[in-house]
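Notes follow the structure.
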Amino acid sequence: MVQNDRKSPLVSVLMPAYNVAAYISAAIESVLAQTEGDFELLIQDDGSRDDTWEIAAGFAASDARVRLLPDFPQNRGVVAARNALLSAARGEYWAWMDADDVSLPERLGRQLAFLSDNPTVAAVGTAIALADEELYVYDAQHFPSDVERQRNDPYIACQTIMVRAEAARRAGGFRELFRLGGEDGDWLLRIADH
């Protein structure tokens with residue numbers, strides 16, 4: 001846990017969700033188990049046709065840190081879901097979390113500590129471990145730590161990013177692009193501009 005003399009800043013953990021009933025409980029539980037406790041978990045259901053909404057609503061009913069945004073009546077895509085989450089976030093820092101992933105318990109605390117120690121850095125991400133449904137890790141993916149490389153050609157897993165809300169607000173929301181998945185790199189490049 002981050003130790004300092006003042007209260008830790010609020011982190012908004014942002015979770016888009018679409019047809020992930022088999023995984024979302026583990027994802028939410030991994031956020032609720034964070035050693036950094038001053039956070040809100042915002043979930044945007046993107047028109048799921050399975051029990052994703054009902055599972056998330058159960059967590060929201062039992063833990064005030066979980067806030068479920070109004071679900072989309074039909075699937076609108078990840079860009080719309082991410083932008084809805086950005087609009088609702090109240091934290092000083094925003095952390096992305098996919099609804100079919102899990103985070104280690106010290107993720108938020110370690111990212112907050114890094115950003116606190118590096119005031120000129122707007123965003124930080126982590127390596128990812130690739131695992132099967134039983135969470136058996138079969139591979140890992142690491143990303144370049146070179147700041148200049150990341151500033152000019154972001155190569156990082158968006159679902160692991162924590163960003164300063166101020167920089168993200170200046171960058172604006174996600175945009176629909178011609179290449180599926182290109183919205184992440186576009187957003188990160190605009191954050192790097194700030």
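Each chain in the structure tokens gets a letter, A, B, ..., in the order shown, and its residues are numbered from 1; ligands are numbered from 1 in order too.
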
What residues in region 6-174 of chain A get the DSSP label helix (DSSP H, G or I)? Please answer as an mmCIF file with N, CA, C and O atoms, in the first residue's frame.
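The resulting states_15.cif:
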data_model
loop_
_atom_site.group_PDB
_atom_site.id
_atom_site.type_symbol
_atom_site.label_atom_id
_atom_site.label_comp_id
_atom_site.auth_asym_id
_atom_site.auth_seq_id
_atom_site.Cartn_x
_atom_site.Cartn_y
_atom_site.Cartn_z
ATOM 1 N N ILE A 24 -16.318 -11.845 -15.239
ATOM 2 C CA ILE A 24 -16.400 -10.543 -14.583
ATOM 3 C C ILE A 24 -16.323 -10.628 -13.060
ATOM 4 O O ILE A 24 -15.783 -9.732 -12.424
ATOM 5 N N SER A 25 -16.802 -11.689 -12.463
ATOM 6 C CA SER A 25 -16.699 -11.810 -10.999
ATOM 7 C C SER A 25 -15.248 -11.801 -10.549
ATOM 8 O O SER A 25 -14.885 -11.092 -9.607
ATOM 9 N N ALA A 26 -14.408 -12.581 -11.226
ATOM 10 C CA ALA A 26 -12.981 -12.621 -10.862
ATOM 11 C C ALA A 26 -12.330 -11.260 -11.089
ATOM 12 O O ALA A 26 -11.495 -10.816 -10.293
ATOM 13 N N ALA A 27 -12.716 -10.577 -12.175
ATOM 14 C CA ALA A 27 -12.159 -9.250 -12.459
ATOM 15 C C ALA A 27 -12.524 -8.265 -11.355
ATOM 16 O O ALA A 27 -11.665 -7.546 -10.827
ATOM 17 N N ILE A 28 -13.797 -8.223 -10.988
ATOM 18 C CA ILE A 28 -14.251 -7.301 -9.936
ATOM 19 C C ILE A 28 -13.601 -7.654 -8.604
ATOM 20 O O ILE A 28 -13.117 -6.770 -7.882
ATOM 21 N N GLU A 29 -13.569 -8.924 -8.262
ATOM 22 C CA GLU A 29 -12.957 -9.345 -6.994
ATOM 23 C C GLU A 29 -11.493 -8.953 -6.922
ATOM 24 O O GLU A 29 -10.995 -8.574 -5.856
ATOM 25 N N SER A 30 -10.779 -9.000 -8.054
ATOM 26 C CA SER A 30 -9.361 -8.609 -8.028
ATOM 27 C C SER A 30 -9.199 -7.117 -7.786
ATOM 28 O O SER A 30 -8.214 -6.683 -7.182
ATOM 29 N N VAL A 31 -10.152 -6.313 -8.223
ATOM 30 C CA VAL A 31 -10.102 -4.876 -7.933
ATOM 31 C C VAL A 31 -10.443 -4.636 -6.465
ATOM 32 O O VAL A 31 -9.763 -3.879 -5.771
ATOM 33 N N LEU A 32 -11.461 -5.290 -5.968
ATOM 34 C CA LEU A 32 -11.864 -5.101 -4.573
ATOM 35 C C LEU A 32 -10.792 -5.582 -3.600
ATOM 36 O O LEU A 32 -10.760 -5.137 -2.453
ATOM 37 N N THR A 52 -23.845 -10.661 -17.619
ATOM 38 C CA THR A 52 -22.831 -9.692 -17.193
ATOM 39 C C THR A 52 -23.440 -8.588 -16.323
ATOM 40 O O THR A 52 -22.924 -8.278 -15.247
ATOM 41 N N TRP A 53 -24.528 -7.972 -16.792
ATOM 42 C CA TRP A 53 -25.160 -6.877 -16.055
ATOM 43 C C TRP A 53 -25.605 -7.321 -14.668
ATOM 44 O O TRP A 53 -25.347 -6.634 -13.676
ATOM 45 N N GLU A 54 -26.260 -8.448 -14.572
ATOM 46 C CA GLU A 54 -26.792 -8.921 -13.289
ATOM 47 C C GLU A 54 -25.666 -9.223 -12.300
ATOM 48 O O GLU A 54 -25.776 -8.904 -11.113
ATOM 49 N N ILE A 55 -24.588 -9.806 -12.775
ATOM 50 C CA ILE A 55 -23.448 -10.101 -11.900
ATOM 51 C C ILE A 55 -22.835 -8.801 -11.379
ATOM 52 O O ILE A 55 -22.585 -8.646 -10.182
ATOM 53 N N ALA A 56 -22.613 -7.850 -12.272
ATOM 54 C CA ALA A 56 -22.042 -6.555 -11.864
ATOM 55 C C ALA A 56 -22.977 -5.828 -10.902
ATOM 56 O O ALA A 56 -22.530 -5.221 -9.922
ATOM 57 N N ALA A 57 -24.276 -5.898 -11.154
ATOM 58 C CA ALA A 57 -25.253 -5.245 -10.274
ATOM 59 C C ALA A 57 -25.215 -5.842 -8.869
ATOM 60 O O ALA A 57 -25.387 -5.120 -7.877
ATOM 61 N N GLY A 58 -24.981 -7.134 -8.757
ATOM 62 C CA GLY A 58 -24.860 -7.767 -7.447
ATOM 63 C C GLY A 58 -23.692 -7.202 -6.657
ATOM 64 O O GLY A 58 -23.810 -6.935 -5.451
ATOM 65 N N PHE A 59 -22.556 -6.988 -7.320
ATOM 66 C CA PHE A 59 -21.399 -6.388 -6.642
ATOM 67 C C PHE A 59 -21.696 -4.943 -6.252
ATOM 68 O O PHE A 59 -21.340 -4.501 -5.159
ATOM 69 N N ALA A 60 -22.346 -4.193 -7.142
ATOM 70 C CA ALA A 60 -22.665 -2.790 -6.854
ATOM 71 C C ALA A 60 -23.616 -2.680 -5.669
ATOM 72 O O ALA A 60 -23.518 -1.741 -4.870
ATOM 73 N N ALA A 61 -24.520 -3.632 -5.523
ATOM 74 C CA ALA A 61 -25.475 -3.604 -4.415
ATOM 75 C C ALA A 61 -24.812 -3.907 -3.079
ATOM 76 O O ALA A 61 -25.300 -3.480 -2.028
ATOM 77 N N SER A 62 -23.689 -4.609 -3.100
ATOM 78 C CA SER A 62 -23.060 -5.021 -1.841
ATOM 79 C C SER A 62 -21.794 -4.249 -1.492
ATOM 80 O O SER A 62 -21.254 -4.411 -0.400
ATOM 81 N N VAL A 78 -16.446 -0.756 -27.905
ATOM 82 C CA VAL A 78 -15.562 -0.402 -26.799
ATOM 83 C C VAL A 78 -15.291 1.101 -26.718
ATOM 84 O O VAL A 78 -15.119 1.643 -25.629
ATOM 85 N N VAL A 79 -15.269 1.786 -27.840
ATOM 86 C CA VAL A 79 -15.012 3.233 -27.811
ATOM 87 C C VAL A 79 -16.135 3.943 -27.055
ATOM 88 O O VAL A 79 -15.876 4.771 -26.175
ATOM 89 N N ALA A 80 -17.377 3.622 -27.352
ATOM 90 C CA ALA A 80 -18.510 4.239 -26.647
ATOM 91 C C ALA A 80 -18.486 3.879 -25.162
ATOM 92 O O ALA A 80 -18.734 4.738 -24.312
ATOM 93 N N ALA A 81 -18.176 2.629 -24.844
ATOM 94 C CA ALA A 81 -18.128 2.213 -23.440
ATOM 95 C C ALA A 81 -17.014 2.942 -22.694
ATOM 96 O O ALA A 81 -17.209 3.422 -21.570
ATOM 97 N N ARG A 82 -15.850 3.038 -23.312
ATOM 98 C CA ARG A 82 -14.731 3.735 -22.646
ATOM 99 C C ARG A 82 -15.038 5.213 -22.454
ATOM 100 O O ARG A 82 -14.727 5.782 -21.410
ATOM 101 N N ASN A 83 -15.647 5.846 -23.444
ATOM 102 C CA ASN A 83 -15.967 7.263 -23.309
ATOM 103 C C ASN A 83 -17.024 7.507 -22.230
ATOM 104 O O ASN A 83 -16.962 8.507 -21.507
ATOM 105 N N ALA A 84 -17.980 6.610 -22.095
ATOM 106 C CA ALA A 84 -18.970 6.746 -21.014
ATOM 107 C C ALA A 84 -18.275 6.656 -19.654
ATOM 108 O O ALA A 84 -18.595 7.418 -18.735
ATOM 109 N N LEU A 85 -17.318 5.760 -19.532
ATOM 110 C CA LEU A 85 -16.573 5.619 -18.278
ATOM 111 C C LEU A 85 -15.739 6.864 -17.989
ATOM 112 O O LEU A 85 -15.702 7.345 -16.846
ATOM 113 N N LEU A 86 -15.085 7.400 -19.008
ATOM 114 C CA LEU A 86 -14.290 8.623 -18.813
ATOM 115 C C LEU A 86 -15.171 9.766 -18.313
ATOM 116 O O LEU A 86 -14.772 10.530 -17.433
ATOM 117 N N SER A 87 -16.373 9.881 -18.862
ATOM 118 C CA SER A 87 -17.287 10.962 -18.472
ATOM 119 C C SER A 87 -17.752 10.837 -17.029
ATOM 120 O O SER A 87 -18.051 11.837 -16.384
ATOM 121 N N ALA A 88 -17.815 9.613 -16.505
ATOM 122 C CA ALA A 88 -18.329 9.390 -15.155
ATOM 123 C C ALA A 88 -17.241 9.349 -14.082
ATOM 124 O O ALA A 88 -17.545 9.415 -12.892
ATOM 125 N N ARG A 107 -1.377 -3.780 -7.607
ATOM 126 C CA ARG A 107 -1.315 -3.025 -8.860
ATOM 127 C C ARG A 107 -1.549 -1.529 -8.655
ATOM 128 O O ARG A 107 -0.718 -0.696 -9.028
ATOM 129 N N LEU A 108 -2.689 -1.151 -8.096
ATOM 130 C CA LEU A 108 -3.019 0.270 -7.962
ATOM 131 C C LEU A 108 -2.010 0.994 -7.083
ATOM 132 O O LEU A 108 -1.580 2.102 -7.409
ATOM 133 N N GLY A 109 -1.624 0.400 -5.991
ATOM 134 C CA GLY A 109 -0.662 1.028 -5.088
ATOM 135 C C GLY A 109 0.685 1.261 -5.740
ATOM 136 O O GLY A 109 1.294 2.328 -5.583
ATOM 137 N N ARG A 110 1.157 0.282 -6.482
ATOM 138 C CA ARG A 110 2.462 0.421 -7.145
ATOM 139 C C ARG A 110 2.403 1.464 -8.251
ATOM 140 O O ARG A 110 3.342 2.254 -8.424
ATOM 141 N N GLN A 111 1.301 1.506 -8.997
ATOM 142 C CA GLN A 111 1.191 2.500 -10.056
ATOM 143 C C GLN A 111 1.072 3.914 -9.477
ATOM 144 O O GLN A 111 1.675 4.857 -10.000
ATOM 145 N N LEU A 112 0.302 4.054 -8.395
ATOM 146 C CA LEU A 112 0.215 5.363 -7.736
ATOM 147 C C LEU A 112 1.577 5.823 -7.231
ATOM 148 O O LEU A 112 1.941 6.991 -7.377
ATOM 149 N N ALA A 113 2.320 4.919 -6.627
ATOM 150 C CA ALA A 113 3.650 5.262 -6.113
ATOM 151 C C ALA A 113 4.563 5.705 -7.250
ATOM 152 O O ALA A 113 5.303 6.692 -7.121
ATOM 153 N N PHE A 114 4.512 5.001 -8.383
ATOM 154 C CA PHE A 114 5.349 5.368 -9.522
ATOM 155 C C PHE A 114 4.994 6.760 -10.032
ATOM 156 O O PHE A 114 5.875 7.594 -10.269
ATOM 157 N N LEU A 115 3.711 7.030 -10.211
ATOM 158 C CA LEU A 115 3.302 8.338 -10.713
ATOM 159 C C LEU A 115 3.621 9.444 -9.713
ATOM 160 O O LEU A 115 3.985 10.558 -10.103
ATOM 161 N N SER A 116 3.520 9.151 -8.434
ATOM 162 C CA SER A 116 3.870 10.120 -7.404
ATOM 163 C C SER A 116 5.365 10.455 -7.453
ATOM 164 O O SER A 116 5.761 11.607 -7.296
ATOM 165 N N ASP A 117 6.179 9.438 -7.693
ATOM 166 C CA ASP A 117 7.634 9.631 -7.752
ATOM 167 C C ASP A 117 8.104 10.215 -9.079
ATOM 168 O O ASP A 117 9.257 10.636 -9.190
ATOM 169 N N VAL A 147 10.838 5.751 -22.113
ATOM 170 C CA VAL A 147 9.833 6.807 -22.135
ATOM 171 C C VAL A 147 9.700 7.432 -23.523
ATOM 172 O O VAL A 147 8.592 7.676 -24.002
ATOM 173 N N GLU A 148 10.814 7.688 -24.188
ATOM 174 C CA GLU A 148 10.758 8.303 -25.518
ATOM 175 C C GLU A 148 10.060 7.385 -26.515
ATOM 176 O O GLU A 148 9.279 7.836 -27.345
ATOM 177 N N ARG A 149 10.337 6.098 -26.428
ATOM 178 C CA ARG A 149 9.660 5.137 -27.318
ATOM 179 C C ARG A 149 8.150 5.182 -27.071
ATOM 180 O O ARG A 149 7.357 5.253 -28.005
ATOM 181 N N GLN A 150 7.751 5.146 -25.822
ATOM 182 C CA GLN A 150 6.326 5.140 -25.500
ATOM 183 C C GLN A 150 5.665 6.460 -25.890
ATOM 184 O O GLN A 150 4.503 6.482 -26.283
ATOM 185 N N ARG A 151 6.401 7.550 -25.795
ATOM 186 C CA ARG A 151 5.841 8.861 -26.144
ATOM 187 C C ARG A 151 5.572 8.970 -27.652
ATOM 188 O O ARG A 151 4.639 9.628 -28.086
ATOM 189 N N ASN A 152 6.409 8.317 -28.454
ATOM 190 C CA ASN A 152 6.306 8.436 -29.910
ATOM 191 C C ASN A 152 5.570 7.287 -30.592
ATOM 192 O O ASN A 152 5.032 7.463 -31.674
ATOM 193 N N CYS A 158 -3.437 -1.382 -22.956
ATOM 194 C CA CYS A 158 -4.295 -0.326 -22.419
ATOM 195 C C CYS A 158 -4.984 -0.759 -21.126
ATOM 196 O O CYS A 158 -5.164 0.045 -20.219
ATOM 197 N N GLN A 159 -5.348 -2.042 -21.007
ATOM 198 C CA GLN A 159 -6.068 -2.498 -19.811
ATOM 199 C C GLN A 159 -5.211 -2.471 -18.557
ATOM 200 O O GLN A 159 -5.714 -2.709 -17.469
ATOM 201 N N THR A 160 -3.930 -2.128 -18.679
ATOM 202 C CA THR A 160 -3.068 -2.041 -17.492
ATOM 203 C C THR A 160 -2.696 -0.606 -17.140
ATOM 204 O O THR A 160 -1.959 -0.370 -16.191
ATOM 205 N N ALA A 165 -5.701 11.953 -14.429
ATOM 206 C CA ALA A 165 -6.975 12.395 -15.005
ATOM 207 C C ALA A 165 -6.818 13.722 -15.739
ATOM 208 O O ALA A 165 -7.412 13.912 -16.811
ATOM 209 N N GLU A 166 -6.014 14.612 -15.208
ATOM 210 C CA GLU A 166 -5.826 15.923 -15.836
ATOM 211 C C GLU A 166 -5.280 15.785 -17.262
ATOM 212 O O GLU A 166 -5.759 16.425 -18.187
ATOM 213 N N ALA A 167 -4.279 14.929 -17.438
ATOM 214 C CA ALA A 167 -3.699 14.724 -18.774
ATOM 215 C C ALA A 167 -4.704 14.048 -19.699
ATOM 216 O O ALA A 167 -4.808 14.393 -20.878
ATOM 217 N N ALA A 168 -5.454 13.097 -19.181
ATOM 218 C CA ALA A 168 -6.438 12.388 -19.996
ATOM 219 C C ALA A 168 -7.567 13.319 -20.423
ATOM 220 O O ALA A 168 -8.050 13.232 -21.555
ATOM 221 N N ARG A 169 -7.990 14.203 -19.535
ATOM 222 C CA ARG A 169 -9.050 15.156 -19.899
ATOM 223 C C ARG A 169 -8.587 16.072 -21.031
ATOM 224 O O ARG A 169 -9.347 16.375 -21.949
ATOM 225 N N ARG A 170 -7.347 16.529 -20.947
ATOM 226 C CA ARG A 170 -6.820 17.405 -22.003
ATOM 227 C C ARG A 170 -6.723 16.665 -23.336
ATOM 228 O O ARG A 170 -6.891 17.258 -24.395
ATOM 229 N N ALA A 171 -6.448 15.367 -23.282
ATOM 230 C CA ALA A 171 -6.322 14.576 -24.506
ATOM 231 C C ALA A 171 -7.676 14.328 -25.162
ATOM 232 O O ALA A 171 -7.756 14.125 -26.364
#

Review point. What does the distance from CA of Val66 (chain A) to CA of Tyr23 (chain A) come to in Å, to one decimal?
Key: 16.5 Å

Check your understanding: Between A:Val137, A:Glu106, A:Arg65, A:Gly172, which is the closest to Thr35 (chain A) once you count only C-alpha atoms?
Key ->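 Of the candidates, the smallest distance to Thr35 (chain A) is held by A:Glu106.
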
Exercise for review: Quick one: pull the distance between CA of Gly125 (chain A) and CA of Glu176 (chain A), Å, one decimal.
Suggested key: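 Between CA of Gly125 (chain A) and CA of Glu176 (chain A) the gap works out to 22.4 Å.
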
Point to revise | Gap from CA of Ser8 (chain A) to CA of Asp101 (chain A) - Å, one decimal | key: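 One can read the CA of Ser8 (chain A) to CA of Asp101 (chain A) distance as 24.7 Å.
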
Check your understanding: Looking at only C-alpha atoms, which of A:Ala123, A:Ile161, A:Leu42, A:Leu68 is the one that sits closest to Arg90 (chain A)?
Key -> A:Leu42
